[in-house]
file data.tsv (TSV, C-alpha atoms)
chain	number	residue	atom	x	y	z
A	1	MET	CA	69.64	101.04	10.94
A	2	ILE	CA	72.06	103.73	9.75
A	3	HIS	CA	75.70	102.63	9.84
A	4	THR	CA	78.44	105.19	10.18
A	5	PRO	CA	81.25	104.63	7.67
A	6	PRO	CA	84.33	102.74	8.91
A	7	PHE	CA	86.48	105.82	8.31
A	8	ARG	CA	86.60	109.49	9.24
A	9	ILE	CA	88.05	112.27	7.11
A	10	GLU	CA	89.02	115.61	8.68
A	11	ALA	CA	88.70	117.78	5.58
A	12	ALA	CA	90.30	120.86	7.15
A	13	THR	CA	93.54	119.03	8.02
A	14	HIS	CA	93.37	116.36	5.30
A	15	GLN	CA	93.58	113.61	7.92
A	16	LEU	CA	92.19	110.11	7.42
A	17	ASP	CA	91.30	107.92	10.39
A	18	CYS	CA	90.64	104.40	9.11
A	19	ASN	CA	91.74	101.08	10.58
A	20	PRO	CA	92.90	99.03	7.55
A	21	SER	CA	91.81	95.88	9.39
A	22	ASN	CA	88.21	97.03	9.89
A	23	PRO	CA	86.06	94.27	8.31
A	24	ARG	CA	83.61	96.74	6.78
A	25	PHE	CA	86.42	98.71	5.19
A	26	VAL	CA	88.12	95.57	3.86
A	27	GLN	CA	84.90	94.44	2.19
A	28	ASP	CA	84.34	97.82	0.53
A	29	PRO	CA	87.36	100.14	0.35
A	30	TYR	CA	85.70	101.86	-2.63
A	31	ALA	CA	83.34	103.73	-0.31
A	32	LEU	CA	86.38	105.49	1.14
A	33	TYR	CA	87.84	106.12	-2.31
A	34	SER	CA	84.59	107.67	-3.49
A	35	ARG	CA	84.56	110.01	-0.50
A	36	MET	CA	88.19	110.92	-1.11
A	37	HIS	CA	87.41	111.94	-4.67
A	38	ASP	CA	84.62	114.13	-3.33
A	39	THR	CA	86.65	115.80	-0.56
A	40	GLY	CA	90.19	115.64	-1.94
A	41	PRO	CA	92.12	112.48	-2.89
A	42	THR	CA	95.28	113.31	-0.94
A	43	LEU	CA	95.11	112.52	2.77
A	44	PHE	CA	97.42	111.80	5.68
A	45	TRP	CA	96.45	108.29	6.80
A	46	LYS	CA	96.94	108.24	10.56
A	47	GLN	CA	97.23	104.47	10.93
A	48	TYR	CA	100.06	104.29	8.39
A	49	GLY	CA	101.65	107.56	9.44
A	50	HIS	CA	102.20	108.92	5.95
A	51	TRP	CA	100.55	110.84	3.11
A	52	CYS	CA	98.47	108.81	0.66
A	53	PHE	CA	97.60	109.91	-2.86
A	54	GLY	CA	94.47	108.67	-4.61
A	55	GLY	CA	93.99	110.91	-7.64
A	56	TRP	CA	94.86	109.29	-10.97
A	57	LYS	CA	96.95	112.25	-12.11
A	58	ASP	CA	98.99	112.34	-8.89
A	59	VAL	CA	99.48	108.57	-8.67
A	60	ASN	CA	100.51	108.27	-12.30
A	61	ALA	CA	102.99	111.13	-11.90
A	62	LEU	CA	104.44	109.95	-8.58
A	63	LEU	CA	105.01	106.43	-9.93
A	64	ARG	CA	107.27	108.03	-12.55
A	65	ASP	CA	108.83	110.71	-10.35
A	66	LYS	CA	112.54	109.98	-9.92
A	67	ARG	CA	112.58	111.95	-6.68
A	68	PHE	CA	110.84	108.93	-5.13
A	69	GLY	CA	111.94	105.32	-5.02
A	70	ARG	CA	111.66	101.98	-3.31
A	71	GLN	CA	115.30	101.85	-2.22
A	72	ILE	CA	116.88	104.40	0.08
A	73	LEU	CA	119.54	102.65	2.16
A	74	HIS	CA	122.03	103.22	-0.65
A	75	LEU	CA	121.70	106.95	0.10
A	76	ALA	CA	121.67	107.00	3.90
A	77	SER	CA	122.25	104.72	6.87
A	78	ARG	CA	119.49	103.43	9.12
A	79	GLU	CA	120.82	105.68	11.87
A	80	GLN	CA	120.56	108.75	9.63
A	81	LEU	CA	117.01	107.78	8.68
A	82	GLY	CA	116.05	107.11	12.28
A	83	TRP	CA	115.29	103.48	11.50
A	84	PRO	CA	116.01	100.69	13.97
A	85	GLU	CA	118.46	97.96	13.00
A	86	PRO	CA	116.88	94.89	11.35
A	87	GLU	CA	115.50	92.42	13.85
A	88	PRO	CA	117.64	89.26	14.04
A	89	HIS	CA	114.54	87.09	13.65
A	90	LEU	CA	114.09	88.56	10.13
A	91	THR	CA	117.62	87.97	8.82
A	92	ASN	CA	116.59	85.39	6.22
A	93	PHE	CA	113.64	87.46	5.02
A	94	TYR	CA	115.72	90.59	4.47
A	95	ARG	CA	118.44	88.59	2.74
A	96	SER	CA	115.90	87.15	0.31
A	97	GLU	CA	114.54	90.65	-0.39
A	98	LYS	CA	117.89	92.40	-0.69
A	99	HIS	CA	118.14	92.23	-4.47
A	100	SER	CA	114.45	92.28	-5.36
A	101	LEU	CA	113.64	94.24	-8.52
A	102	LEU	CA	110.69	95.69	-6.64
A	103	ASN	CA	112.97	97.42	-4.14
A	104	LEU	CA	115.95	98.49	-6.25
A	105	GLU	CA	116.65	101.78	-7.98
A	106	PRO	CA	119.04	102.58	-10.85
A	107	PRO	CA	121.69	101.61	-11.66
A	108	ALA	CA	121.17	98.28	-9.86
A	109	HIS	CA	117.54	98.10	-10.99
A	110	THR	CA	118.43	98.82	-14.62
A	111	ARG	CA	121.07	96.09	-14.73
A	112	LEU	CA	118.88	93.47	-13.03
A	113	ARG	CA	115.78	94.23	-15.06
A	114	LEU	CA	117.74	94.00	-18.29
A	115	LEU	CA	118.88	90.49	-17.38
A	116	VAL	CA	115.38	89.31	-16.43
A	117	ASN	CA	113.18	91.20	-18.87
A	118	ARG	CA	113.60	89.26	-22.10
A	119	ALA	CA	111.34	86.37	-21.11
A	120	PHE	CA	108.48	88.72	-20.21
A	121	VAL	CA	108.17	90.84	-23.33
A	122	SER	CA	104.77	90.55	-24.98
A	123	ARG	CA	105.87	88.67	-28.09
A	124	GLN	CA	107.63	86.05	-25.94
A	125	VAL	CA	104.69	85.67	-23.58
A	126	GLU	CA	102.18	85.37	-26.43
A	127	GLN	CA	103.71	82.03	-27.37
A	128	LEU	CA	102.34	80.63	-24.11
A	129	ARG	CA	98.68	81.32	-24.96
A	130	PRO	CA	97.86	77.87	-26.46
A	131	GLU	CA	99.43	76.11	-23.48
A	132	VAL	CA	97.55	78.29	-20.96
A	133	GLU	CA	94.25	77.73	-22.79
A	134	GLN	CA	94.84	73.98	-22.84
A	135	LEU	CA	95.63	74.03	-19.12
A	136	ALA	CA	92.35	75.88	-18.50
A	137	HIS	CA	90.45	73.23	-20.46
A	138	ASP	CA	92.19	70.42	-18.56
A	139	LEU	CA	91.31	71.96	-15.20
A	140	ILE	CA	87.66	72.41	-16.17
A	141	ASP	CA	87.55	68.81	-17.39
A	142	GLY	CA	88.38	67.82	-13.83
A	143	PHE	CA	85.38	69.51	-12.20
A	144	GLU	CA	82.83	70.20	-14.95
A	145	ASN	CA	80.66	67.18	-14.11
A	146	ASP	CA	80.47	68.21	-10.44
A	147	GLY	CA	78.19	71.14	-11.27
A	148	LYS	CA	79.96	73.28	-8.68
A	149	SER	CA	83.45	74.30	-7.60
A	150	GLU	CA	85.45	76.66	-5.44
A	151	LEU	CA	87.29	78.39	-8.27
A	152	LEU	CA	90.16	79.98	-6.37
A	153	ALA	CA	91.50	76.56	-5.44
A	154	SER	CA	90.41	74.58	-8.49
A	155	TYR	CA	91.12	77.13	-11.22
A	156	ALA	CA	92.52	80.59	-10.37
A	157	THR	CA	95.48	79.30	-8.34
A	158	PRO	CA	96.74	76.36	-10.47
A	159	ILE	CA	97.05	78.32	-13.71
A	160	PRO	CA	99.59	81.02	-12.72
A	161	ILE	CA	101.63	78.73	-10.46
A	162	TYR	CA	101.85	76.14	-13.24
A	163	VAL	CA	102.89	78.74	-15.81
A	164	ILE	CA	105.57	80.46	-13.73
A	165	THR	CA	107.09	77.18	-12.52
A	166	ARG	CA	107.19	75.93	-16.11
A	167	MET	CA	108.87	79.16	-17.24
A	168	LEU	CA	111.48	78.90	-14.50
A	169	GLY	CA	112.09	75.20	-15.12
A	170	ILE	CA	110.86	74.12	-11.68
A	171	ASP	CA	109.05	70.80	-11.37
A	172	THR	CA	105.33	71.62	-11.05
A	173	ALA	CA	105.11	69.01	-8.28
A	174	PHE	CA	106.76	71.62	-6.03
A	175	GLY	CA	103.81	73.99	-6.63
A	176	PRO	CA	102.22	73.45	-3.17
A	177	ASP	CA	105.53	74.19	-1.42
A	178	LEU	CA	106.08	77.33	-3.46
A	179	LEU	CA	102.55	78.51	-2.71
A	180	ASP	CA	102.98	77.90	1.01
A	181	TRP	CA	106.30	79.79	1.14
A	182	SER	CA	104.89	82.62	-0.93
A	183	HIS	CA	101.79	83.11	1.22
A	184	LYS	CA	103.92	83.23	4.37
A	185	ILE	CA	106.35	85.75	2.87
A	186	VAL	CA	103.59	87.99	1.50
A	187	ALA	CA	102.15	88.23	5.03
A	188	MET	CA	105.08	90.54	5.80
A	189	TYR	CA	103.39	93.26	3.75
A	190	MET	CA	100.09	93.11	5.61
A	191	TYR	CA	98.99	95.83	8.01
A	192	GLY	CA	99.18	94.77	11.66
A	193	ARG	CA	101.47	91.79	11.17
A	194	THR	CA	102.54	90.02	14.38
A	195	ARG	CA	105.88	88.76	15.66
A	196	ARG	CA	104.63	85.26	14.85
A	197	ASP	CA	103.87	86.30	11.26
A	198	GLU	CA	107.43	87.61	10.98
A	199	GLU	CA	108.98	84.41	12.34
A	200	ILE	CA	106.93	82.30	9.95
A	201	ALA	CA	107.91	84.53	7.00
A	202	ASN	CA	111.57	84.35	7.99
A	203	GLN	CA	111.47	80.55	8.12
A	204	ALA	CA	109.68	80.43	4.75
A	205	ALA	CA	112.30	82.73	3.22
A	206	ARG	CA	115.08	80.46	4.47
A	207	GLU	CA	113.43	77.31	3.11
A	208	PHE	CA	112.58	78.99	-0.19
A	209	SER	CA	116.14	80.31	-0.57
A	210	ASP	CA	117.68	76.93	0.26
A	211	PHE	CA	115.44	75.25	-2.29
A	212	LEU	CA	116.43	77.75	-4.97
A	213	GLN	CA	120.14	77.58	-4.14
A	214	LYS	CA	120.13	73.84	-4.83
A	215	LEU	CA	118.28	74.45	-8.08
A	216	ILE	CA	120.72	77.19	-9.12
A	217	ASP	CA	123.69	74.91	-8.42
A	218	LYS	CA	122.16	72.26	-10.69
A	219	ARG	CA	121.42	74.77	-13.48
A	220	ARG	CA	124.95	76.18	-13.38
A	221	LYS	CA	126.30	72.69	-14.10
A	222	ASN	CA	123.60	71.80	-16.62
A	223	PRO	CA	121.72	74.86	-17.98
A	224	GLY	CA	118.54	74.39	-20.00
A	225	THR	CA	116.23	76.65	-22.00
A	226	ASP	CA	114.17	77.82	-19.00
A	227	LEU	CA	114.07	81.32	-17.49
A	228	LEU	CA	116.27	80.43	-14.51
A	229	SER	CA	118.97	79.10	-16.83
A	230	HIS	CA	118.63	82.26	-18.90
A	231	MET	CA	119.15	84.43	-15.82
A	232	ILE	CA	122.19	82.37	-14.82
A	233	THR	CA	123.90	82.44	-18.20
A	234	THR	CA	122.92	85.88	-19.54
A	235	GLU	CA	125.33	88.74	-19.03
A	236	ALA	CA	125.07	92.50	-19.36
A	237	LYS	CA	128.28	94.42	-19.99
A	238	GLY	CA	130.27	91.42	-18.80
A	239	GLU	CA	128.32	90.99	-15.57
A	240	HIS	CA	126.25	88.03	-14.42
A	241	LEU	CA	123.71	87.75	-11.64
A	242	SER	CA	125.08	86.59	-8.30
A	243	ASP	CA	123.40	83.73	-6.43
A	244	GLU	CA	121.75	86.21	-4.03
A	245	GLU	CA	120.43	88.23	-6.97
A	246	LEU	CA	119.13	85.07	-8.62
A	247	ILE	CA	117.36	84.00	-5.43
A	248	SER	CA	115.76	87.43	-4.83
A	249	SER	CA	114.67	87.67	-8.47
A	250	THR	CA	113.20	84.16	-8.56
A	251	ILE	CA	111.30	84.63	-5.31
A	252	LEU	CA	109.84	87.88	-6.64
A	253	LEU	CA	108.87	86.27	-9.95
A	254	LEU	CA	107.23	83.34	-8.20
A	255	ASN	CA	105.42	85.48	-5.63
A	256	ALA	CA	104.32	88.15	-8.10
A	257	GLY	CA	103.78	85.52	-10.78
A	258	HIS	CA	100.83	84.04	-8.98
A	259	GLU	CA	99.79	86.05	-5.90
A	260	ALA	CA	98.30	89.07	-7.67
A	261	THR	CA	97.09	87.04	-10.65
A	262	VAL	CA	95.10	84.66	-8.45
A	263	HIS	CA	93.42	87.59	-6.69
A	264	GLN	CA	92.76	89.43	-9.94
A	265	THR	CA	91.32	86.35	-11.65
A	266	GLY	CA	88.95	85.72	-8.75
A	267	ASN	CA	87.95	89.38	-8.61
A	268	ALA	CA	87.36	89.40	-12.37
A	269	ILE	CA	85.10	86.33	-12.37
A	270	LYS	CA	83.11	87.78	-9.47
A	271	THR	CA	82.80	91.15	-11.22
A	272	ILE	CA	81.58	89.62	-14.48
A	273	LEU	CA	79.05	87.38	-12.73
A	274	GLN	CA	77.68	90.27	-10.67
A	275	SER	CA	77.50	92.62	-13.66
A	276	GLY	CA	74.61	90.81	-15.31
A	277	LEU	CA	76.26	91.28	-18.70
A	278	ASP	CA	76.22	88.51	-21.30
A	279	PRO	CA	79.63	86.80	-21.10
A	280	GLU	CA	79.41	85.88	-24.77
A	281	SER	CA	79.57	89.57	-25.71
A	282	LEU	CA	82.52	90.13	-23.39
A	283	PHE	CA	84.69	87.53	-25.13
A	284	SER	CA	83.42	87.89	-28.70
A	285	SER	CA	86.89	88.62	-30.13
A	286	GLU	CA	90.51	88.85	-29.07
A	287	GLN	CA	90.22	92.63	-28.87
A	288	GLN	CA	87.06	92.50	-26.77
A	289	THR	CA	88.53	89.84	-24.49
A	290	ALA	CA	91.53	92.10	-23.86
A	291	ALA	CA	89.24	95.09	-23.19
A	292	THR	CA	87.09	93.06	-20.79
A	293	ILE	CA	90.10	91.96	-18.77
A	294	GLU	CA	91.52	95.48	-18.75
A	295	GLU	CA	88.27	96.75	-17.27
A	296	CYS	CA	88.33	93.98	-14.66
A	297	ILE	CA	91.86	95.04	-13.77
A	298	ARG	CA	90.73	98.65	-13.38
A	299	PHE	CA	87.45	97.96	-11.62
A	300	ASP	CA	88.70	95.73	-8.79
A	301	ALA	CA	92.49	95.62	-8.59
A	302	PRO	CA	94.40	93.09	-6.45
A	303	LEU	CA	96.91	95.61	-5.04
A	304	HIS	CA	95.58	98.80	-3.48
A	305	MET	CA	98.65	100.52	-2.10
A	306	PHE	CA	102.22	100.86	-3.39
A	307	THR	CA	104.68	102.72	-1.17
A	308	ARG	CA	107.74	104.78	-2.06
A	309	TYR	CA	110.32	106.90	-0.24
A	310	ALA	CA	111.32	110.48	-0.90
A	311	LEU	CA	114.92	110.33	-2.12
A	312	GLU	CA	115.36	114.04	-1.45
A	313	ASP	CA	113.44	116.89	0.16
A	314	VAL	CA	110.38	117.45	-2.05
A	315	GLU	CA	107.83	120.25	-2.34
A	316	LEU	CA	104.81	119.00	-4.27
A	317	ASP	CA	102.53	121.17	-6.37
A	318	ASN	CA	99.70	120.79	-3.83
A	319	GLY	CA	101.85	122.34	-1.10
A	320	ILE	CA	102.77	119.13	0.71
A	321	SER	CA	106.37	119.18	1.91
A	322	LEU	CA	108.23	115.90	2.26
A	323	LYS	CA	111.61	115.30	3.83
A	324	PHE	CA	114.26	112.90	2.60
A	325	GLY	CA	113.24	109.42	3.78
A	326	ASP	CA	109.52	110.18	4.16
A	327	GLU	CA	107.27	107.36	2.97
A	328	ILE	CA	104.21	107.92	0.78
A	329	GLY	CA	101.37	105.62	-0.23
A	330	LEU	CA	100.03	105.51	-3.78
A	331	LEU	CA	96.44	104.22	-3.74
A	332	LEU	CA	96.30	102.41	-7.07
A	333	ALA	CA	92.69	101.24	-6.81
A	334	CYS	CA	91.57	104.70	-5.72
A	335	ALA	CA	93.29	106.21	-8.77
A	336	ASN	CA	91.61	103.61	-10.99
A	337	ASN	CA	88.26	104.95	-9.78
A	338	ASP	CA	88.95	108.64	-10.20
A	339	PRO	CA	85.90	110.26	-11.85
A	340	ASP	CA	88.16	112.94	-13.32
A	341	ARG	CA	89.83	110.19	-15.37
A	342	PHE	CA	87.13	107.53	-15.84
A	343	ALA	CA	83.47	108.20	-16.56
A	344	ALA	CA	81.18	106.49	-14.01
A	345	PRO	CA	84.15	104.69	-12.42
A	346	ARG	CA	82.09	102.35	-10.25
A	347	THR	CA	80.22	101.08	-13.29
A	348	PHE	CA	81.80	97.97	-14.79
A	349	ASP	CA	82.07	98.85	-18.47
A	350	PRO	CA	84.10	96.35	-20.52
A	351	PHE	CA	83.49	98.45	-23.64
A	352	ARG	CA	85.49	101.46	-22.44
A	353	LYS	CA	87.70	102.92	-25.15
A	354	ASP	CA	90.29	104.58	-22.89
A	355	ASN	CA	91.34	102.46	-19.92
A	356	ALA	CA	94.70	103.77	-18.74
A	357	ASN	CA	94.57	102.15	-15.29
A	358	VAL	CA	97.59	102.07	-12.96
A	359	THR	CA	97.06	98.57	-11.57
A	360	PHE	CA	100.47	97.43	-12.85
A	361	GLY	CA	102.17	100.66	-11.84
A	362	ALA	CA	104.10	102.99	-14.16
A	363	GLY	CA	107.63	104.14	-14.80
A	364	ILE	CA	110.66	101.94	-14.16
A	365	HIS	CA	108.73	99.83	-11.65
A	366	PHE	CA	105.94	98.97	-14.08
A	367	CYS	CA	105.18	95.31	-13.38
A	368	ILE	CA	107.56	93.16	-15.41
A	369	GLY	CA	104.99	90.36	-15.45
A	370	ALA	CA	102.08	92.46	-16.74
A	371	PRO	CA	102.01	90.85	-20.22
A	372	LEU	CA	101.99	87.38	-18.65
A	373	ALA	CA	99.28	88.27	-16.11
A	374	ARG	CA	97.07	89.75	-18.82
A	375	LEU	CA	97.48	86.68	-21.03
A	376	GLU	CA	96.71	84.28	-18.18
A	377	MET	CA	93.58	86.19	-17.24
A	378	GLN	CA	92.39	86.52	-20.84
A	379	ALA	CA	92.82	82.80	-21.47
A	380	ALA	CA	91.42	81.66	-18.12
A	381	THR	CA	88.28	83.80	-18.08
A	382	LYS	CA	87.45	83.30	-21.77
A	383	VAL	CA	87.73	79.51	-21.56
A	384	LEU	CA	85.81	79.40	-18.27
A	385	PHE	CA	82.79	81.32	-19.54
A	386	GLN	CA	82.79	79.49	-22.87
A	387	ARG	CA	82.89	76.08	-21.22
A	388	LEU	CA	80.40	76.87	-18.44
A	389	PRO	CA	77.75	79.18	-19.96
A	390	GLY	CA	75.43	78.75	-16.99
A	391	LEU	CA	78.06	79.84	-14.47
A	392	ARG	CA	76.67	81.65	-11.40
A	393	LEU	CA	77.70	82.52	-7.86
A	394	ALA	CA	76.70	79.81	-5.37
A	395	GLU	CA	77.20	82.12	-2.40
A	396	SER	CA	78.11	85.74	-1.79
A	397	PRO	CA	81.91	86.01	-1.98
A	398	GLN	CA	83.82	87.77	0.78
A	399	TYR	CA	87.21	89.45	0.56
A	400	ALA	CA	90.06	88.17	2.72
A	401	SER	CA	90.69	90.32	5.79
A	402	THR	CA	93.80	92.04	4.47
A	403	TYR	CA	94.59	95.46	3.10
A	404	HIS	CA	96.30	96.42	0.83
A	405	PHE	CA	96.18	93.06	-0.98
A	406	HIS	CA	92.61	92.72	-2.15
A	407	GLY	CA	91.32	89.29	-3.06
A	408	LEU	CA	88.56	86.85	-2.22
A	409	GLU	CA	88.67	84.19	0.50
A	410	LYS	CA	86.64	81.76	-1.62
A	411	LEU	CA	84.76	81.81	-4.91
A	412	HIS	CA	82.00	79.19	-4.81
A	413	VAL	CA	80.15	78.84	-8.10
A	414	SER	CA	77.72	76.42	-9.72
A	415	TRP	CA	76.38	75.84	-13.23

call {"tool": "encode", "arguments": {"input": "data.tsv", "output": "structure tokens"}}
result
Amino acid sequence: MIHTPPFRIEAATHQLDCNPSNPRFVQDPYALYSRMHDTGPTLFWKQYGHWCFGGWKDVNALLRDKRFGRQILHLASREQLGWPEPEPHLTNFYRSEKHSLLNLEPPAHTRLRLLVNRAFVSRQVEQLRPEVEQLAHDLIDGFENDGKSELLASYATPIPIYVITRMLGIDTAFGPDLLDWSHKIVAMYMYGRTRRDEEIANQAAREFSDFLQKLIDKRRKNPGTDLLSHMITTEAKGEHLSDEELISSTILLLNAGHEATVHQTGNAIKTILQSGLDPESLFSSEQQTAATIEECIRFDAPLHMFTRYALEDVELDNGISLKFGDEIGLLLACANNDPDRFAAPRTFDPFRKDNANVTFGAGIHFCIGAPLARLEMQAATKVLFQRLPGLRLAESPQYASTYHFHGLEKLHVSW
């Protein structure tokens, strides 16, 4: 039986008709990306109602282009933009997002990032490697004798949530609560979310914020050496972070500190197992381990679309005209598979010499946690394949039914 693809491209008008919730598309968005690179990687995606860019050159440039940004309400009112007023049932969610680094632009972004950044520089993060490796060993000790495991729950999830809670000085016993709140909040970014999804996210944002407010109050009275205490006590040009800024920043760090890393770790293990390559050669040295993980990050990224707004009227080189306030989508995973930038992009090649992927973004919004995510993945995958040399997939993994977050539902393995 011949199956028609779950998308339709009108080449003459550069229109894309593709339901992001279509199960066939969710399981293999790379079929669309491949077609886009054949016909033109810039398309107007009807379901989203905005232009999407999938070429590596365009995505890399637009991530850095100061004519675009994540924040726009500092330049115009909702009425001027034609946006409706925020729904009352999302008050807590929007309050928790108000000062998120992900959504701010300079000068607010510059000030906030400066106060948060120190703990995430590479040399600071590198000190965590022995602890992360030991955690990986401890987790494997708990299931090694079983001969099988569902690795997302038993391995990929505990590592990043443990690390980020430890960094922030939060009792790791609260990990399940943080995960639950995070999953509910992240649902706000899914295509086709429902009113019920929004109400659940709003409630989670309120509970999360209340939890953090109590923690902040305690740290103000008795600061420690953790990241939260650092954010409370550090100043830049005489300014400190407000409680709302601390809450937004901490929620972002907790959400980003595990959500994408869990997906990427699961995707990486799946990719390596399906590649047929000898894992021993992939982790033969520190340099090769880093290269292997970088290729995993390129080959099957956990975030496929990053949106920005035009902060002024823009005429792009390809003739597309955008008005102030127009939204655009940057297809990160599509750019990572651009044949003009990467030879044989759908071939998993952990020995690539030039792997300038855009999974973590670029420009001022380059992911602040990238060094930490890379370290966690390097440690977790290396230890896993060293400890379980006979590791294999126990069943064919399926991706969760969400776009643009791209991660597995389960990862059942045996050895």

call {"tool": "closest_residue", "arguments": {"input": "data.tsv", "among": "A:Phe174, A:Phe283, A:Tyr94, A:Tyr403", "to": "Phe351 of chain A", "atoms": "all atoms listed in the file"}}
result
A:Phe283

call {"tool": "atom_distance", "arguments": {"input": "data.tsv", "atom1": "atom CA of Asp349 of chain A", "atom2": "atom CA of Gln378 of chain A"}}
result
16.3 Å

call {"tool": "closest_residue", "arguments": {"input": "data.tsv", "among": "A:Ser284, A:Thr225, A:Ser249, A:Thr307", "to": "Gly69 of chain A", "atoms": "all atoms listed in the file"}}
result
A:Thr307

call {"tool": "residues_around", "arguments": {"input": "data.tsv", "residues": "Thr172 of chain A", "least_positions_apart": "3", "cutoff": "12 Å", "atoms": "all atoms listed in the file", "output": "PDB file with C-alpha atoms, in the frame of the given file"}}
result
ATOM      1  CA  PRO A 158      96.740  76.360 -10.470  1.00  0.00           C
ATOM      2  CA  ILE A 159      97.050  78.320 -13.710  1.00  0.00           C
ATOM      3  CA  PRO A 160      99.590  81.020 -12.720  1.00  0.00           C
ATOM      4  CA  ILE A 161     101.630  78.730 -10.460  1.00  0.00           C
ATOM      5  CA  TYR A 162     101.850  76.140 -13.240  1.00  0.00           C
ATOM      6  CA  VAL A 163     102.890  78.740 -15.810  1.00  0.00           C
ATOM      7  CA  ILE A 164     105.570  80.460 -13.730  1.00  0.00           C
ATOM      8  CA  THR A 165     107.090  77.180 -12.520  1.00  0.00           C
ATOM      9  CA  ARG A 166     107.190  75.930 -16.110  1.00  0.00           C
ATOM     10  CA  MET A 167     108.870  79.160 -17.240  1.00  0.00           C
ATOM     11  CA  LEU A 168     111.480  78.900 -14.500  1.00  0.00           C
ATOM     12  CA  GLY A 169     112.090  75.200 -15.120  1.00  0.00           C
ATOM     13  CA  GLY A 175     103.810  73.990  -6.630  1.00  0.00           C
ATOM     14  CA  PRO A 176     102.220  73.450  -3.170  1.00  0.00           C
ATOM     15  CA  ASP A 177     105.530  74.190  -1.420  1.00  0.00           C
ATOM     16  CA  LEU A 178     106.080  77.330  -3.460  1.00  0.00           C
ATOM     17  CA  LEU A 179     102.550  78.510  -2.710  1.00  0.00           C
TER      18      LEU A 179
END

call {"tool": "closest_residue", "arguments": {"input": "data.tsv", "among": "A:Lys184, A:Arg111, A:Lys270, A:Arg352", "to": "Arg206 of chain A", "atoms": "all atoms listed in the file"}}
result
A:Lys184

call {"tool": "residues_around", "arguments": {"input": "data.tsv", "residues": "segment 28-30 of chain A", "least_positions_apart": "2", "cutoff": "10 Å", "atoms": "all atoms listed in the file", "output": "MDAnalysis selection string"}}
result
chainID A and resid 6:7 20 23:26 32:36 299:300 304 333:334 337 346 399 403:404 406

call {"tool": "closest_residue", "arguments": {"input": "data.tsv", "among": "A:Lys57, A:Arg308, A:Lys218, A:Arg196", "to": "Arg341 of chain A", "atoms": "all atoms listed in the file"}}
result
A:Lys57

call {"tool": "closest_residue", "arguments": {"input": "data.tsv", "among": "A:Gly82, A:Gly369, A:Gly266, A:Gly361", "to": "Lys410 of chain A", "atoms": "all atoms listed in the file"}}
result
A:Gly266

call {"tool": "atom_distance", "arguments": {"input": "data.tsv", "atom1": "atom CA of Gly55 of chain A", "atom2": "atom CA of Asp38 of chain A"}}
result
10.8 Å

call {"tool": "axis_aligned_box", "arguments": {"input": "data.tsv", "around": "segment 13-17 of chain A", "padding_each_side": "3 Å", "output": "lines of an AutoDock Vina configuration file"}}
result
center_x = 92.4
center_y = 113.5
center_z = 7.8
size_x = 8.3
size_y = 17.1
size_z = 11.1

call {"tool": "residues_around", "arguments": {"input": "data.tsv", "residues": "segment 149-152 of chain A", "least_positions_apart": "5", "cutoff": "6 Å", "atoms": "all atoms listed in the file", "output": "ChimeraX atom specification"}}
result
/A:157,411-413

call {"tool": "write_last_selection", "arguments": {"input": "data.tsv", "atoms": "C-alpha atoms", "output": "mmCIF file, keeping the file's coordinate frame"}}
result
data_model
loop_
_atom_site.group_PDB
_atom_site.id
_atom_site.type_symbol
_atom_site.label_atom_id
_atom_site.label_comp_id
_atom_site.auth_asym_id
_atom_site.auth_seq_id
_atom_site.Cartn_x
_atom_site.Cartn_y
_atom_site.Cartn_z
ATOM 1 C CA THR A 157 95.480 79.300 -8.340
ATOM 2 C CA LEU A 411 84.760 81.810 -4.910
ATOM 3 C CA HIS A 412 82.000 79.190 -4.810
ATOM 4 C CA VAL A 413 80.150 78.840 -8.100
#

call {"tool": "closest_residue", "arguments": {"input": "data.tsv", "among": "A:Leu408, A:Ile269, A:Ala380, A:Ile293", "to": "Ile140 of chain A", "atoms": "only C-alpha atoms"}}
result
A:Ala380

call {"tool": "atom_distance", "arguments": {"input": "data.tsv", "atom1": "atom CA of Val186 of chain A", "atom2": "atom CA of Leu114 of chain A"}}
result
25.1 Å

call {"tool": "residues_around", "arguments": {"input": "data.tsv", "residues": "Leu277 of chain A", "least_positions_apart": "6", "cutoff": "10 Å", "atoms": "only C-alpha atoms", "output": "VMD selection string"}}
result
chain A and resid 271 348 to 350

call {"tool": "build_atoms", "arguments": {"input": "data.tsv", "residues": "segment 231-236 of chain A", "atoms": "N, CA and C atoms", "output": "compact mmCIF listing (two decimals), keeping the file's coordinate frame"}}
result
# COMPACT_ATOMS: atom_id res chain seq x y z
N MET A 231 118.65 83.44 -16.76
CA MET A 231 119.15 84.43 -15.82
C MET A 231 120.56 84.09 -15.35
N ILE A 232 120.87 82.80 -15.26
CA ILE A 232 122.19 82.37 -14.82
C ILE A 232 123.25 82.66 -15.89
N THR A 233 122.90 82.39 -17.13
CA THR A 233 123.90 82.44 -18.20
C THR A 233 123.99 83.79 -18.91
N THR A 234 122.92 84.59 -18.84
CA THR A 234 122.92 85.88 -19.54
C THR A 234 123.84 86.87 -18.84
N GLU A 235 124.48 87.70 -19.61
CA GLU A 235 125.33 88.74 -19.03
C GLU A 235 124.98 90.09 -19.64
N ALA A 236 125.25 91.13 -18.89
CA ALA A 236 125.07 92.50 -19.36
C ALA A 236 126.36 93.26 -19.06
